[in-house]
Amino acid sequence: MIAIEDVSKRYADGTVAVDRLSLQIPNHSITVLVGPSGCGKTTTLRMINRMIEPSSGTIRVDGQDVQRQPVNALRRSMGYVIQNAGLFQHRTILDNIATVPRLLGWSKQRARARAAELMERVGLDKDMARRYPYQLSGGQQQRVGVARALAADPPILLMDEPFSAVDPVVRRGLQEELLRIQGELGKAIVFVTHDMDEAITIGDRIAVLRKGGRLAQFAAPDELLSSPADEFVEEFLGGDRGIRGLSFLSTRDLELDRSRVFPIDADRQRIARATSARPADAQPVLVTGIDGKPLGWTDPAAWNGDAGTLTPYGQSFEVGRDSLRVALDRAVLSPTGHAVAVDGSGRVLGIAGQETIAAAIRAARQRHAATSPQGTEYPQDPPPVKATR
Ligand SMILES: Nc1ncnc2c1ncn2[C@@H]1O[C@H](COP(=O)(O)OP(=O)(O)OP(=O)(O)O)[C@@H](O)[C@H]1O
Ligand SMILES: [Mg+2]
């Protein structure tokens, strides 16, 4: 655990970059620092590995004051990744990644073997090992940067806007990759970003800083979205924090309608009987294959058993894995206003209309309010898998 205790940084010209900051950064988690430009994020990060020395206060790693540790050993125990990767242009990809193991005295062979292993871990083709950084795309260079930081298996990773120079699609891929790697390695990661969406996607906890390096709020993403501490945080979160907050509500307890789902070989009379008994008989039914996977929508009265006449169902959501945000999105995009719910193998579990999803959102919010008076957690709704938000 990294403990930042009452730390301030005043630069020589009098600029106060960080002002009495205290933060507890736990192991095995991703802590994100966000805030407007110039609010002291980079300064904070660099004080952890002593690239910048604090003016006052203490930073401890696992109880040890970093000031009392030899600076080289300290830095090697912390991987550091920056925007544009900061690779050594005259070294091959393999040798870039092998840098710290070589500094630690590993043999060339062992360091390169480790580098090759890391290339695979971060999703880089091994053909790239002999290339130079300029022969890689920006996204690939960022992956090399992450691999290099991980090479000596440091317990801590410091990442300063590592993905902000790449386009949104590549960036999304890099975020997912980081979450996957973190799932396997469980580092203490401190991640700086300007981008609230990125913070919510990857952060276990988010520290929002305001100008002058003062802490505005330090909370889990769902708490930040549901209970911003003040107007500054609220404004920083942006206008759609309500919709974003749905990412943290599970679809596990969503009430699904199974009465309007039929396999393609179902008797047409049966479909007609089942649907005409209902007041909503004008609404379409979902037809599935005999394997239970969705095929499309049809008007029950017009159904003639021909799969070619079905209206495409678009995208489904996976119950339990996807959030209510995903379910609502599917329903909004659905030609019938209903989202198709499937299990892990893609078989239909039922359908859910927009009203049903809205009711589930209200119920989850009420549960939240009842079980957590300070608005801290969703004890009955653990966040869905992060990568699906
Ligand atoms: N060496 C320095 N001397 C004087 N002031 C500095 C120095 N380095 C940074 N600052 C100032 O300290 C403040 C915090 O800078 P810092 O780089 O930590 O911000 P940041 O939050 O990382 O910003 P950005 O999002 O733009 O990267 C800024 O006002 C900056 O101008
Ligand atoms: Mg910065």
# chains A, B, ... in the order shown; residues from 1 in each chain; ligands from 1
$ residues_near_ligand --ligand "ligand 2" --cutoff "8 Å" --atoms "only C-alpha atoms and all ligand atoms" --output "list of chain:residue names"
A:Ser37, A:Gly38, A:Gly40, A:Lys41, A:Thr42, A:Thr43, A:Asp160, A:Glu161, A:Val192
$ residues_around --residues "Glu177 in chain A" --least-positions-apart "6" --cutoff "10 Å" --atoms "only C-alpha atoms" --output "count of residues only"
7
$ residues_around --residues "range 359-363 of chain A" --least-positions-apart "2" --cutoff "9 Å" --atoms "only C-alpha atoms" --output "number ranges by chain"
A: 246, 249, 251, 253-255, 324, 354-357, 365-368
$ select_by_dssp --residues "range 93-304 of chain A" --states "strand (DSSP E or B)" --output "MDAnalysis selection string"
chainID A and resid 156:160 188:193 205:210 214:219 250 257 261:263 285:288 294:298
$ closest_residue --among "A:Leu215, A:Ile156, A:Ala220, A:Met196" --to "Ser22 in chain A" --atoms "only C-alpha atoms"
A:Leu215
$ residues_near_ligand --ligand "ligand 1" --cutoff "8 Å" --atoms "only C-alpha atoms and all ligand atoms" --output "PyMOL selection string"
chain A and resi 10-18+34-44+161+192-194+211-213
$ residues_around --residues "Ile97 in chain A" --least-positions-apart "5" --cutoff "12 Å" --atoms "only C-alpha atoms" --output "PyMOL selection string"
chain A and resi 79+81+85-88+91-92+102-103+108+111-120+122+124+128-130+132-133+141-153
$ residues_around --residues "Ile4 in chain A" --least-positions-apart "4" --cutoff "12 Å" --atoms "only C-alpha atoms" --output "ChimeraX atom specification"
/A:8,18-26,44-45,47-49,54,56-66,215
$ write_last_selection --atoms "C-alpha atoms" --output "PDB file, in the first residue's frame"
ATOM      1  CA  SER A   8       2.741  19.379  -0.391  1.00  0.00           C
ATOM      2  CA  VAL A  18       0.149  19.918  -4.449  1.00  0.00           C
ATOM      3  CA  ASP A  19      -1.387  21.124  -1.216  1.00  0.00           C
ATOM      4  CA  ARG A  20      -1.539  18.892   1.878  1.00  0.00           C
ATOM      5  CA  LEU A  21      -2.612  15.835  -0.045  1.00  0.00           C
ATOM      6  CA  SER A  22      -3.400  12.618   1.809  1.00  0.00           C
ATOM      7  CA  LEU A  23      -4.328   9.432  -0.076  1.00  0.00           C
ATOM      8  CA  GLN A  24      -4.258   5.750   0.784  1.00  0.00           C
ATOM      9  CA  ILE A  25      -3.526   3.720  -2.326  1.00  0.00           C
ATOM     10  CA  PRO A  26      -4.178   0.013  -1.735  1.00  0.00           C
ATOM     11  CA  THR A  44       1.919  13.703  -7.264  1.00  0.00           C
ATOM     12  CA  LEU A  45       2.839  10.668  -9.337  1.00  0.00           C
ATOM     13  CA  MET A  47       6.768  12.266  -5.861  1.00  0.00           C
ATOM     14  CA  ILE A  48       5.921   8.580  -5.353  1.00  0.00           C
ATOM     15  CA  ASN A  49       9.077   7.442  -7.167  1.00  0.00           C
ATOM     16  CA  PRO A  54       7.961  16.790  -1.778  1.00  0.00           C
ATOM     17  CA  SER A  56       6.644  18.576   3.128  1.00  0.00           C
ATOM     18  CA  GLY A  57       4.762  15.475   4.197  1.00  0.00           C
ATOM     19  CA  THR A  58       5.606  11.778   3.909  1.00  0.00           C
ATOM     20  CA  ILE A  59       5.071   9.060   1.325  1.00  0.00           C
ATOM     21  CA  ARG A  60       5.284   5.483   2.560  1.00  0.00           C
ATOM     22  CA  VAL A  61       5.287   2.264   0.582  1.00  0.00           C
ATOM     23  CA  ASP A  62       4.327  -0.703   2.726  1.00  0.00           C
ATOM     24  CA  GLY A  63       5.096   1.383   5.777  1.00  0.00           C
ATOM     25  CA  GLN A  64       8.582   2.477   4.614  1.00  0.00           C
ATOM     26  CA  ASP A  65       9.264   6.170   4.062  1.00  0.00           C
ATOM     27  CA  VAL A  66      10.427   6.514   0.433  1.00  0.00           C
ATOM     28  CA  LEU A 215      -8.228  16.709  -3.078  1.00  0.00           C
TER      29      LEU A 215
END
$ select_by_dssp --residues "range 146-234 of chain A" --states "helix (DSSP H, G or I)" --output "VMD selection string"
chain A and resid 146 to 150 168 to 185 196 to 202 221 to 226 231 to 234
$ closest_residue --among "A:Lys293, A:His338, A:Arg252, A:Arg244" --to "Glu318 in chain A" --atoms "only C-alpha atoms"
A:Arg252
$ closest_residue --among "A:Arg46, A:Leu104, A:Asp343, A:Val287" --to "Asn72 in chain A" --atoms "only C-alpha atoms"
A:Leu104
$ residues_around --residues "Ser29 in chain A" --least-positions-apart "6" --cutoff "10 Å" --atoms "only C-alpha atoms" --output "ChimeraX atom specification"
/A:1,182-183,186-190,202-205
$ atom_distance --atom1 "CA of Arg214 in chain A" --atom2 "CA of Ile30 in chain A"
20.2 Å
$ atom_distance --atom1 "CA of Asp95 in chain A" --atom2 "CA of Leu174 in chain A"
21.6 Å
$ atom_distance --atom1 "CA of Gly344 in chain A" --atom2 "CA of Ala364 in chain A"
22.9 Å
$ closest_residue --among "A:Leu185, A:Ala341, A:Ala274, A:Ala216" --to "Ser323 in chain A" --atoms "only C-alpha atoms"
A:Ala341
$ closest_residue --among "A:Pro101, A:Ser247, A:Ile271, A:Leu237" --to "Arg321 in chain A" --atoms "only C-alpha atoms"
A:Ser247
$ decode --residues "range 7-81 of chain A" --atoms "C-alpha atoms" --output "compact mmCIF listing (two decimals), in the first residue's frame"
# COMPACT_ATOMS: atom_id res chain seq x y z
CA VAL A 7 2.17 15.95 1.18
CA SER A 8 2.74 19.38 -0.39
CA LYS A 9 4.90 20.50 -3.28
CA ARG A 10 5.89 24.10 -3.75
CA TYR A 11 8.15 24.68 -6.76
CA ALA A 12 11.08 27.11 -6.60
CA ASP A 13 9.03 29.89 -8.26
CA GLY A 14 6.41 29.63 -5.51
CA THR A 15 3.82 27.59 -7.47
CA VAL A 16 1.93 25.32 -5.10
CA ALA A 17 1.37 22.21 -7.24
CA VAL A 18 0.15 19.92 -4.45
CA ASP A 19 -1.39 21.12 -1.22
CA ARG A 20 -1.54 18.89 1.88
CA LEU A 21 -2.61 15.84 -0.05
CA SER A 22 -3.40 12.62 1.81
CA LEU A 23 -4.33 9.43 -0.08
CA GLN A 24 -4.26 5.75 0.78
CA ILE A 25 -3.53 3.72 -2.33
CA PRO A 26 -4.18 0.01 -1.74
CA ASN A 27 -2.33 -2.91 -3.28
CA HIS A 28 -4.04 -5.03 -5.94
CA SER A 29 -6.09 -2.14 -7.24
CA ILE A 30 -6.12 0.69 -9.73
CA THR A 31 -6.26 4.16 -8.24
CA VAL A 32 -6.90 6.93 -10.74
CA LEU A 33 -5.93 10.58 -10.32
CA VAL A 34 -8.12 12.93 -12.36
CA GLY A 35 -8.54 16.66 -12.50
CA PRO A 36 -8.08 19.68 -14.76
CA SER A 37 -4.75 20.49 -16.36
CA GLY A 38 -2.20 21.82 -13.89
CA CYS A 39 -3.92 20.42 -10.79
CA GLY A 40 -0.81 18.49 -9.72
CA LYS A 41 -1.42 14.96 -11.02
CA THR A 42 2.01 14.46 -12.60
CA THR A 43 3.71 16.10 -9.63
CA THR A 44 1.92 13.70 -7.26
CA LEU A 45 2.84 10.67 -9.34
CA ARG A 46 6.49 11.70 -9.57
CA MET A 47 6.77 12.27 -5.86
CA ILE A 48 5.92 8.58 -5.35
CA ASN A 49 9.08 7.44 -7.17
CA ARG A 50 11.04 10.53 -6.11
CA MET A 51 11.54 12.02 -9.55
CA ILE A 52 10.23 15.05 -7.64
CA GLU A 53 10.87 15.55 -3.92
CA PRO A 54 7.96 16.79 -1.78
CA SER A 55 8.35 20.08 0.10
CA SER A 56 6.64 18.58 3.13
CA GLY A 57 4.76 15.48 4.20
CA THR A 58 5.61 11.78 3.91
CA ILE A 59 5.07 9.06 1.32
CA ARG A 60 5.28 5.48 2.56
CA VAL A 61 5.29 2.26 0.58
CA ASP A 62 4.33 -0.70 2.73
CA GLY A 63 5.10 1.38 5.78
CA GLN A 64 8.58 2.48 4.61
CA ASP A 65 9.26 6.17 4.06
CA VAL A 66 10.43 6.51 0.43
CA GLN A 67 12.79 9.31 1.49
CA ARG A 68 14.86 6.76 3.36
CA GLN A 69 15.24 4.39 0.42
CA PRO A 70 17.99 4.49 -2.21
CA VAL A 71 16.44 6.27 -5.16
CA ASN A 72 17.56 3.79 -7.84
CA ALA A 73 16.23 0.76 -6.01
CA LEU A 74 13.01 2.65 -5.33
CA ARG A 75 12.48 3.51 -9.01
CA ARG A 76 13.17 -0.02 -10.13
CA SER A 77 10.47 -1.25 -7.80
CA MET A 78 7.99 0.95 -9.67
CA GLY A 79 7.19 0.61 -13.37
CA TYR A 80 6.63 3.99 -15.00
CA VAL A 81 4.61 4.55 -18.18
